[in-house]
Amino acid sequence: MTTLARAPLPSGRAGLRAVGSAFDVERVRADFPILHQQAHGHPLVYLDNAATSQKPKAVIDALVRYYEGYNANIHRGVHYLSERATAEYETARKTVQAFLNAARPAEIVFVRGTTEAINLVAQTYGRVHVGADDEVLITAMEHHSNLVPWQLLCEEKGARLRVAPINDAGELILEEFEKRLGPRTRIVAVGHVSNALGTVNPIATIVKMAHARNIPVLVDGAQAVPRMPVDVQQLDCDFYTFSGHKTYGPTGIGVLYGKLSLLEAMPPYQGGGEMISSVSFEKTVYNKVPHKFEAGTPDISGPIGLRAAIEYLEGLGMETIAQYEHELLRHATEKVSAVPGIRLIGTAKEKAGVLSFVMDGVHPHDIGTILDQEGIAIRTGHHCAQPVMGRFGVDATARASFGLYNTKEEIDVLVRGIEKVREVFG
Amino acid sequence: MPDLRDLYQELILEHSRAPRNYRELKDADHKAEGYNPLCGDHFTVFVEMDGDWIRDVTFQGSGCAISKASASMMTQSLKGKTRAAAEEIFERFHKVVTGQALNGNQEELGKLAVFSGVSEFPTRVKCATLAWHTLQAALEGKQGAVSTE
């Protein structure tokens, strides 16, 4: 465990690059104030990062600086504070653009989170392009947020929701996916990394298959963006979504990336101030993209906090983070599966960040409570992926999910906790 | 600080491993379903009445150790009781698991008193009470699944 005597890393890229190529997790941990506490008399072991991530001091400081220094409503003020706030907000948009390698800042729409982003696309692009007897294609491993918005759309329009199946390892069966790309398919929606199984989907391949048939693709990147470099131009996806709070940033902010031509053609989502360019009772003209999709006063602090998070991540390097987390996952997979009576749920060849498991004769809920008493935070339940649970014949799993500040020692504590569960239940 | 042994006592573990009255009642007078979707506890409770007396009460389903043990001990303690007596036992049980003081003897609850530890684990109270609320719904002839979430 880190000692509080260590000075936190200086924020910003220059200070972090000085750390060197080896990933110094103890120095990283010193940047996250919340990690240094006890839960039920034991050091906190936070392994619920797929639910939400913890925040580095740089992000917390950025939020405090905003509210202490330049909080003002944006885009329309002519005074000093408003100009500063607007500049910071729009700079944050450019930071996100660069982070995803989008072609232009106008392709970055700020929303509340992945869920809102997907609802936005379903209700604007979806409403225009999906009609009666058309099809929307998703996969069997989707989070409810990349499932229910499409169900709602299909119900409304009399369209059909089709589901590409997964194999017993939790991998998408590409041939079966391709078979379901038909003449009536109007959009494909697929997760980049599964929150329940950890499976990493071959997005570039999926996009090529869909584009060969002129079908656009929306990618739910909520679990991918925190863990690996994402290049939306290289993937060539039409829409990409992620959430700030899972990416070491604040809650209440998320991003919808969309190709400019698509966003421009889409009708508005929410109406109100900001998304208009002129209003009269007879006719209202909408603002240009991305503002067309940002009605009302936004969570101004959100992008500012998210920018600080992205800069923190880029200081460490997404490739470095991905490699480090891969090593954690490998270690955890090896040790956890060695405990008697454990069955791993989600054993894809390509996985990231997440280890779901069940234990013979012990309900995940009981595993979670016993681990909690040891200071270990995991998640138990259906993980907003009830169809995935059903596919593997379980009601719920226990899920440990990793972040860039977790350590091998913490994983060993987890394993000892799981062994204790075995002892209690016999 | 609550001790895990307060929650996972030997009796609870035993009942969750080998639940009593764990079967369907084909000719049940009443039956109801209880489901807590967030944690996945899912039970059906069956009741056979003899006038005002509970002749037989059984359950089926799956769930965590707390919910299963609670259902099992519930069926044991309510078999042969009147509706009114069952209602009273439920009220006392509910007080025990939510940490409220009991007037009179905790002993009267018998084995059910072992669930007093649940009050120190507030997120698990719903597990302990699911089968009981389900039974109540069965006796009242309520439609639809019950939940304690």
# chains A, B, ... in the order shown; residues from 1 in each chain; ligands from 1
$ interface_residues --of "chain B" --to "chain A" --cutoff "6 Å" --atoms "only C-alpha atoms" --output "short mmCIF file (atom, residue, chain, number, x, y, z; two decimals) with all heavy atoms, in the first residue's frame"
data_model
loop_
_atom_site.label_atom_id
_atom_site.label_comp_id
_atom_site.auth_asym_id
_atom_site.auth_seq_id
_atom_site.Cartn_x
_atom_site.Cartn_y
_atom_site.Cartn_z
N CYS B 39 -30.77 -8.65 -7.31
CA CYS B 39 -29.81 -9.62 -6.82
C CYS B 39 -30.10 -11.03 -7.32
O CYS B 39 -29.26 -11.91 -7.20
CB CYS B 39 -29.73 -9.59 -5.31
SG CYS B 39 -31.23 -10.03 -4.48
N GLY B 40 -31.26 -11.26 -7.88
CA GLY B 40 -31.53 -12.55 -8.50
C GLY B 40 -32.18 -13.57 -7.59
O GLY B 40 -32.24 -14.74 -7.92
N CYS B 64 -29.79 -16.32 -2.69
CA CYS B 64 -28.61 -16.32 -1.83
C CYS B 64 -28.89 -17.12 -0.55
O CYS B 64 -30.04 -17.47 -0.27
CB CYS B 64 -28.22 -14.90 -1.48
SG CYS B 64 -29.49 -14.01 -0.57
#
$ atom_distance --atom1 "CA of Ala51 in chain A" --atom2 "CA of Phe242 in chain A"
13.0 Å
$ residues_around --residues "range 122-136 of chain B" --least-positions-apart "4" --cutoff "7 Å" --atoms "only C-alpha atoms" --output "list of chain:residue names"
B:Ala32, B:Glu33, B:Gly34, B:Phe43, B:Val45, B:Ile66, B:Ser67, B:Ser70, B:Ala71, B:Phe90, B:Val97, B:Thr98, B:Val118, B:Glu140, B:Val146, B:Ser147, B:Thr148, B:Glu149
$ write_last_selection --atoms "all heavy atoms" --output "CSV table (one decimal), in the first residue's frame"
chain,number,residue,atom,x,y,z
B,32,ALA,N,-47.7,-17.9,-4.6
B,32,ALA,CA,-47.3,-16.6,-5.1
B,32,ALA,C,-45.8,-16.6,-5.4
B,32,ALA,O,-45.1,-17.5,-4.9
B,32,ALA,CB,-47.5,-15.5,-4.0
B,33,GLU,N,-45.4,-15.6,-6.2
B,33,GLU,CA,-44.0,-15.6,-6.6
B,33,GLU,C,-43.3,-14.3,-6.0
B,33,GLU,O,-43.9,-13.3,-5.9
B,33,GLU,CB,-44.0,-15.4,-8.1
B,33,GLU,CG,-43.0,-16.2,-8.9
B,33,GLU,CD,-43.0,-15.8,-10.4
B,33,GLU,OE1,-44.0,-16.2,-11.0
B,33,GLU,OE2,-42.1,-15.1,-10.9
B,34,GLY,N,-42.1,-14.5,-5.6
B,34,GLY,CA,-41.3,-13.4,-5.1
B,34,GLY,C,-40.0,-13.3,-5.9
B,34,GLY,O,-39.4,-14.3,-6.2
B,43,PHE,N,-38.3,-16.9,-5.7
B,43,PHE,CA,-39.0,-18.0,-5.1
B,43,PHE,C,-40.4,-18.1,-5.4
B,43,PHE,O,-41.1,-17.0,-5.6
B,43,PHE,CB,-38.8,-17.9,-3.5
B,43,PHE,CG,-37.4,-18.0,-3.1
B,43,PHE,CD1,-36.8,-16.9,-2.5
B,43,PHE,CD2,-36.7,-19.2,-3.2
B,43,PHE,CE1,-35.4,-17.0,-2.1
B,43,PHE,CE2,-35.4,-19.3,-2.7
B,43,PHE,CZ,-34.7,-18.2,-2.2
B,45,VAL,N,-43.8,-19.6,-3.4
B,45,VAL,CA,-44.2,-20.1,-2.1
B,45,VAL,C,-45.6,-20.8,-2.3
B,45,VAL,O,-46.5,-20.2,-3.0
B,45,VAL,CB,-44.3,-19.0,-1.0
B,45,VAL,CG1,-44.9,-19.6,0.3
B,45,VAL,CG2,-42.9,-18.5,-0.8
B,66,ILE,N,-29.0,-16.3,2.6
B,66,ILE,CA,-29.9,-15.6,3.5
B,66,ILE,C,-31.3,-15.9,3.1
B,66,ILE,O,-32.2,-16.2,3.9
B,66,ILE,CB,-29.6,-14.1,3.6
B,66,ILE,CG1,-28.1,-13.9,3.9
B,66,ILE,CG2,-30.5,-13.5,4.6
B,66,ILE,CD1,-27.7,-14.4,5.3
B,67,SER,N,-31.6,-15.6,1.8
B,67,SER,CA,-33.0,-15.7,1.4
B,67,SER,C,-33.5,-17.2,1.4
B,67,SER,O,-34.6,-17.5,1.8
B,67,SER,CB,-33.2,-15.2,0.0
B,67,SER,OG,-32.4,-16.0,-1.0
B,70,SER,N,-33.9,-18.3,5.1
B,70,SER,CA,-35.1,-17.7,5.7
B,70,SER,C,-36.4,-18.3,5.2
B,70,SER,O,-37.3,-18.6,6.0
B,70,SER,CB,-35.1,-16.2,5.3
B,70,SER,OG,-36.2,-15.5,5.8
B,71,ALA,N,-36.4,-18.7,3.9
B,71,ALA,CA,-37.6,-19.4,3.4
B,71,ALA,C,-37.8,-20.7,4.0
B,71,ALA,O,-38.9,-21.1,4.4
B,71,ALA,CB,-37.5,-19.5,1.8
B,90,PHE,N,-44.5,-13.2,11.5
B,90,PHE,CA,-43.9,-12.4,10.5
B,90,PHE,C,-43.6,-11.0,11.0
B,90,PHE,O,-42.5,-10.5,10.8
B,90,PHE,CB,-44.8,-12.2,9.2
B,90,PHE,CG,-44.3,-11.4,8.1
B,90,PHE,CD1,-42.9,-11.1,8.0
B,90,PHE,CD2,-45.1,-10.9,7.1
B,90,PHE,CE1,-42.4,-10.4,7.0
B,90,PHE,CE2,-44.6,-10.2,6.0
B,90,PHE,CZ,-43.2,-9.9,6.0
B,97,VAL,N,-35.1,-8.6,12.0
B,97,VAL,CA,-34.2,-8.4,10.9
B,97,VAL,C,-33.9,-6.9,10.7
B,97,VAL,O,-32.9,-6.6,10.0
B,97,VAL,CB,-34.5,-9.1,9.6
B,97,VAL,CG1,-34.6,-10.6,9.8
B,97,VAL,CG2,-35.8,-8.6,9.0
B,98,THR,N,-34.8,-6.0,11.1
B,98,THR,CA,-34.6,-4.6,10.9
B,98,THR,C,-34.0,-4.0,12.1
B,98,THR,O,-33.9,-2.8,12.2
B,98,THR,CB,-35.8,-3.9,10.4
B,98,THR,OG1,-36.9,-4.2,11.3
B,98,THR,CG2,-36.2,-4.3,9.0
B,118,VAL,N,-28.9,-10.1,10.7
B,118,VAL,CA,-29.1,-9.5,9.4
B,118,VAL,C,-29.2,-8.0,9.5
B,118,VAL,O,-28.9,-7.2,8.6
B,118,VAL,CB,-30.4,-10.0,8.7
B,118,VAL,CG1,-30.7,-9.3,7.4
B,118,VAL,CG2,-30.1,-11.5,8.4
B,140,GLU,N,-53.0,-13.6,0.8
B,140,GLU,CA,-54.0,-12.5,0.5
B,140,GLU,C,-54.5,-12.7,-1.0
B,140,GLU,O,-55.3,-11.9,-1.4
B,140,GLU,CB,-53.3,-11.2,0.6
B,140,GLU,CG,-53.1,-10.8,2.1
B,140,GLU,CD,-52.2,-9.5,2.3
B,140,GLU,OE1,-51.9,-8.9,1.2
B,140,GLU,OE2,-51.8,-9.3,3.4
B,146,VAL,N,-44.1,-10.5,-6.1
B,146,VAL,CA,-43.7,-9.6,-5.0
B,146,VAL,C,-42.3,-9.3,-5.1
B,146,VAL,O,-41.5,-10.2,-5.6
B,146,VAL,CB,-44.1,-10.4,-3.7
B,146,VAL,CG1,-43.4,-9.8,-2.6
B,146,VAL,CG2,-45.6,-10.3,-3.5
B,147,SER,N,-41.9,-8.1,-4.6
B,147,SER,CA,-40.4,-7.9,-4.5
B,147,SER,C,-40.2,-7.1,-3.2
B,147,SER,O,-41.0,-6.4,-2.7
B,147,SER,CB,-40.0,-7.0,-5.7
B,147,SER,OG,-38.7,-6.6,-5.6
B,148,THR,N,-39.0,-7.3,-2.7
B,148,THR,CA,-38.6,-6.5,-1.5
B,148,THR,C,-37.5,-5.5,-1.8
B,148,THR,O,-36.9,-4.9,-0.9
B,148,THR,CB,-38.2,-7.5,-0.3
B,148,THR,OG1,-37.2,-8.4,-0.8
B,148,THR,CG2,-39.3,-8.2,0.3
B,149,GLU,N,-37.3,-5.3,-3.1
B,149,GLU,CA,-36.3,-4.3,-3.4
B,149,GLU,C,-36.8,-2.9,-3.4
B,149,GLU,O,-37.9,-2.6,-3.6
B,149,GLU,CB,-35.7,-4.6,-4.8
B,149,GLU,CG,-34.5,-5.5,-4.7
B,149,GLU,CD,-34.1,-6.1,-6.0
B,149,GLU,OE1,-34.8,-5.9,-7.0
B,149,GLU,OE2,-33.1,-6.9,-6.0
$ atom_distance --atom1 "CA of Ala138 in chain B" --atom2 "CA of Asp50 in chain B"
14.9 Å
$ residues_around --residues "Val57 in chain B" --least-positions-apart "4" --cutoff "12 Å" --atoms "only C-alpha atoms" --output "PyMOL selection string"
chain B and resi 20-32+44-50+53+71-81+83+86+131-132+134-136+138-139
$ decode --residues "range 55-70 of chain B" --atoms "all heavy atoms" --output "PDB file, in the first residue's frame"
ATOM      1  N   ARG B  55     -51.956 -25.919   6.672  1.00  0.00           N
ATOM      2  CA  ARG B  55     -51.659 -27.356   6.764  1.00  0.00           C
ATOM      3  C   ARG B  55     -50.247 -27.636   6.235  1.00  0.00           C
ATOM      4  O   ARG B  55     -49.512 -28.401   6.804  1.00  0.00           O
ATOM      5  CB  ARG B  55     -52.674 -28.184   6.001  1.00  0.00           C
ATOM      6  CG  ARG B  55     -52.380 -29.682   6.155  1.00  0.00           C
ATOM      7  CD  ARG B  55     -53.175 -30.550   5.222  1.00  0.00           C
ATOM      8  NE  ARG B  55     -54.585 -30.587   5.565  1.00  0.00           N
ATOM      9  CZ  ARG B  55     -55.543 -30.889   4.695  1.00  0.00           C
ATOM     10  NH1 ARG B  55     -55.251 -31.167   3.446  1.00  0.00           N
ATOM     11  NH2 ARG B  55     -56.797 -30.904   5.068  1.00  0.00           N
ATOM     12  N   ASP B  56     -49.916 -27.011   5.124  1.00  0.00           N
ATOM     13  CA  ASP B  56     -48.593 -27.235   4.569  1.00  0.00           C
ATOM     14  C   ASP B  56     -48.113 -25.975   3.844  1.00  0.00           C
ATOM     15  O   ASP B  56     -48.897 -25.262   3.227  1.00  0.00           O
ATOM     16  CB  ASP B  56     -48.623 -28.416   3.582  1.00  0.00           C
ATOM     17  CG  ASP B  56     -47.262 -29.090   3.446  1.00  0.00           C
ATOM     18  OD1 ASP B  56     -46.285 -28.623   4.076  1.00  0.00           O
ATOM     19  OD2 ASP B  56     -47.163 -30.068   2.679  1.00  0.00           O
ATOM     20  N   VAL B  57     -46.842 -25.702   3.972  1.00  0.00           N
ATOM     21  CA  VAL B  57     -46.251 -24.577   3.238  1.00  0.00           C
ATOM     22  C   VAL B  57     -44.890 -25.017   2.718  1.00  0.00           C
ATOM     23  O   VAL B  57     -44.071 -25.564   3.467  1.00  0.00           O
ATOM     24  CB  VAL B  57     -46.193 -23.286   4.096  1.00  0.00           C
ATOM     25  CG1 VAL B  57     -45.523 -23.531   5.443  1.00  0.00           C
ATOM     26  CG2 VAL B  57     -45.470 -22.180   3.356  1.00  0.00           C
ATOM     27  N   THR B  58     -44.685 -24.817   1.407  1.00  0.00           N
ATOM     28  CA  THR B  58     -43.435 -25.243   0.786  1.00  0.00           C
ATOM     29  C   THR B  58     -42.928 -24.120  -0.126  1.00  0.00           C
ATOM     30  O   THR B  58     -43.642 -23.140  -0.355  1.00  0.00           O
ATOM     31  CB  THR B  58     -43.642 -26.497  -0.077  1.00  0.00           C
ATOM     32  OG1 THR B  58     -44.466 -26.155  -1.199  1.00  0.00           O
ATOM     33  CG2 THR B  58     -44.284 -27.624   0.705  1.00  0.00           C
ATOM     34  N   PHE B  59     -41.712 -24.308  -0.629  1.00  0.00           N
ATOM     35  CA  PHE B  59     -41.203 -23.307  -1.567  1.00  0.00           C
ATOM     36  C   PHE B  59     -40.259 -23.932  -2.570  1.00  0.00           C
ATOM     37  O   PHE B  59     -39.710 -25.029  -2.354  1.00  0.00           O
ATOM     38  CB  PHE B  59     -40.533 -22.141  -0.834  1.00  0.00           C
ATOM     39  CG  PHE B  59     -39.130 -22.423  -0.337  1.00  0.00           C
ATOM     40  CD1 PHE B  59     -38.035 -21.860  -0.973  1.00  0.00           C
ATOM     41  CD2 PHE B  59     -38.910 -23.233   0.768  1.00  0.00           C
ATOM     42  CE1 PHE B  59     -36.739 -22.108  -0.512  1.00  0.00           C
ATOM     43  CE2 PHE B  59     -37.631 -23.483   1.229  1.00  0.00           C
ATOM     44  CZ  PHE B  59     -36.536 -22.924   0.589  1.00  0.00           C
ATOM     45  N   GLN B  60     -40.092 -23.242  -3.679  1.00  0.00           N
ATOM     46  CA  GLN B  60     -39.128 -23.612  -4.710  1.00  0.00           C
ATOM     47  C   GLN B  60     -38.429 -22.343  -5.167  1.00  0.00           C
ATOM     48  O   GLN B  60     -38.964 -21.252  -5.001  1.00  0.00           O
ATOM     49  CB  GLN B  60     -39.852 -24.209  -5.936  1.00  0.00           C
ATOM     50  CG  GLN B  60     -40.324 -25.616  -5.750  1.00  0.00           C
ATOM     51  CD  GLN B  60     -39.251 -26.616  -6.132  1.00  0.00           C
ATOM     52  OE1 GLN B  60     -39.216 -27.108  -7.248  1.00  0.00           O
ATOM     53  NE2 GLN B  60     -38.355 -26.921  -5.227  1.00  0.00           N
ATOM     54  N   GLY B  61     -37.266 -22.503  -5.759  1.00  0.00           N
ATOM     55  CA  GLY B  61     -36.620 -21.327  -6.336  1.00  0.00           C
ATOM     56  C   GLY B  61     -35.147 -21.275  -5.996  1.00  0.00           C
ATOM     57  O   GLY B  61     -34.564 -22.224  -5.477  1.00  0.00           O
ATOM     58  N   SER B  62     -34.544 -20.144  -6.305  1.00  0.00           N
ATOM     59  CA  SER B  62     -33.113 -20.006  -6.058  1.00  0.00           C
ATOM     60  C   SER B  62     -32.812 -18.620  -5.508  1.00  0.00           C
ATOM     61  O   SER B  62     -33.568 -17.671  -5.737  1.00  0.00           O
ATOM     62  CB  SER B  62     -32.326 -20.213  -7.348  1.00  0.00           C
ATOM     63  OG  SER B  62     -32.610 -19.166  -8.238  1.00  0.00           O
ATOM     64  N   GLY B  63     -31.729 -18.542  -4.783  1.00  0.00           N
ATOM     65  CA  GLY B  63     -31.342 -17.263  -4.233  1.00  0.00           C
ATOM     66  C   GLY B  63     -30.145 -17.409  -3.327  1.00  0.00           C
ATOM     67  O   GLY B  63     -29.568 -18.483  -3.208  1.00  0.00           O
ATOM     68  N   CYS B  64     -29.789 -16.318  -2.689  1.00  0.00           N
ATOM     69  CA  CYS B  64     -28.614 -16.323  -1.831  1.00  0.00           C
ATOM     70  C   CYS B  64     -28.892 -17.120  -0.553  1.00  0.00           C
ATOM     71  O   CYS B  64     -30.040 -17.474  -0.268  1.00  0.00           O
ATOM     72  CB  CYS B  64     -28.217 -14.897  -1.479  1.00  0.00           C
ATOM     73  SG  CYS B  64     -29.490 -14.014  -0.572  1.00  0.00           S
ATOM     74  N   ALA B  65     -27.850 -17.367   0.216  1.00  0.00           N
ATOM     75  CA  ALA B  65     -27.959 -18.190   1.419  1.00  0.00           C
ATOM     76  C   ALA B  65     -28.978 -17.616   2.402  1.00  0.00           C
ATOM     77  O   ALA B  65     -29.763 -18.351   3.006  1.00  0.00           O
ATOM     78  CB  ALA B  65     -26.586 -18.311   2.085  1.00  0.00           C
ATOM     79  N   ILE B  66     -28.968 -16.289   2.553  1.00  0.00           N
ATOM     80  CA  ILE B  66     -29.878 -15.649   3.513  1.00  0.00           C
ATOM     81  C   ILE B  66     -31.332 -15.872   3.103  1.00  0.00           C
ATOM     82  O   ILE B  66     -32.176 -16.235   3.917  1.00  0.00           O
ATOM     83  CB  ILE B  66     -29.591 -14.136   3.604  1.00  0.00           C
ATOM     84  CG1 ILE B  66     -28.136 -13.865   3.944  1.00  0.00           C
ATOM     85  CG2 ILE B  66     -30.528 -13.457   4.587  1.00  0.00           C
ATOM     86  CD1 ILE B  66     -27.679 -14.442   5.252  1.00  0.00           C
ATOM     87  N   SER B  67     -31.609 -15.648   1.810  1.00  0.00           N
ATOM     88  CA  SER B  67     -33.004 -15.749   1.373  1.00  0.00           C
ATOM     89  C   SER B  67     -33.505 -17.194   1.433  1.00  0.00           C
ATOM     90  O   SER B  67     -34.633 -17.455   1.839  1.00  0.00           O
ATOM     91  CB  SER B  67     -33.172 -15.186  -0.042  1.00  0.00           C
ATOM     92  OG  SER B  67     -32.446 -15.952  -0.983  1.00  0.00           O
ATOM     93  N   LYS B  68     -32.630 -18.119   1.071  1.00  0.00           N
ATOM     94  CA  LYS B  68     -33.032 -19.521   1.053  1.00  0.00           C
ATOM     95  C   LYS B  68     -33.244 -20.053   2.470  1.00  0.00           C
ATOM     96  O   LYS B  68     -34.228 -20.733   2.761  1.00  0.00           O
ATOM     97  CB  LYS B  68     -31.960 -20.353   0.352  1.00  0.00           C
ATOM     98  CG  LYS B  68     -32.495 -21.553  -0.381  1.00  0.00           C
ATOM     99  CD  LYS B  68     -31.414 -22.239  -1.168  1.00  0.00           C
ATOM    100  CE  LYS B  68     -31.944 -22.728  -2.490  1.00  0.00           C
ATOM    101  NZ  LYS B  68     -30.900 -23.402  -3.262  1.00  0.00           N
ATOM    102  N   ALA B  69     -32.308 -19.723   3.357  1.00  0.00           N
ATOM    103  CA  ALA B  69     -32.411 -20.181   4.746  1.00  0.00           C
ATOM    104  C   ALA B  69     -33.653 -19.588   5.397  1.00  0.00           C
ATOM    105  O   ALA B  69     -34.362 -20.256   6.155  1.00  0.00           O
ATOM    106  CB  ALA B  69     -31.160 -19.801   5.523  1.00  0.00           C
ATOM    107  N   SER B  70     -33.916 -18.318   5.095  1.00  0.00           N
ATOM    108  CA  SER B  70     -35.091 -17.659   5.661  1.00  0.00           C
ATOM    109  C   SER B  70     -36.364 -18.345   5.197  1.00  0.00           C
ATOM    110  O   SER B  70     -37.286 -18.590   5.979  1.00  0.00           O
ATOM    111  CB  SER B  70     -35.100 -16.178   5.267  1.00  0.00           C
ATOM    112  OG  SER B  70     -36.241 -15.539   5.773  1.00  0.00           O
TER     113      SER B  70
END
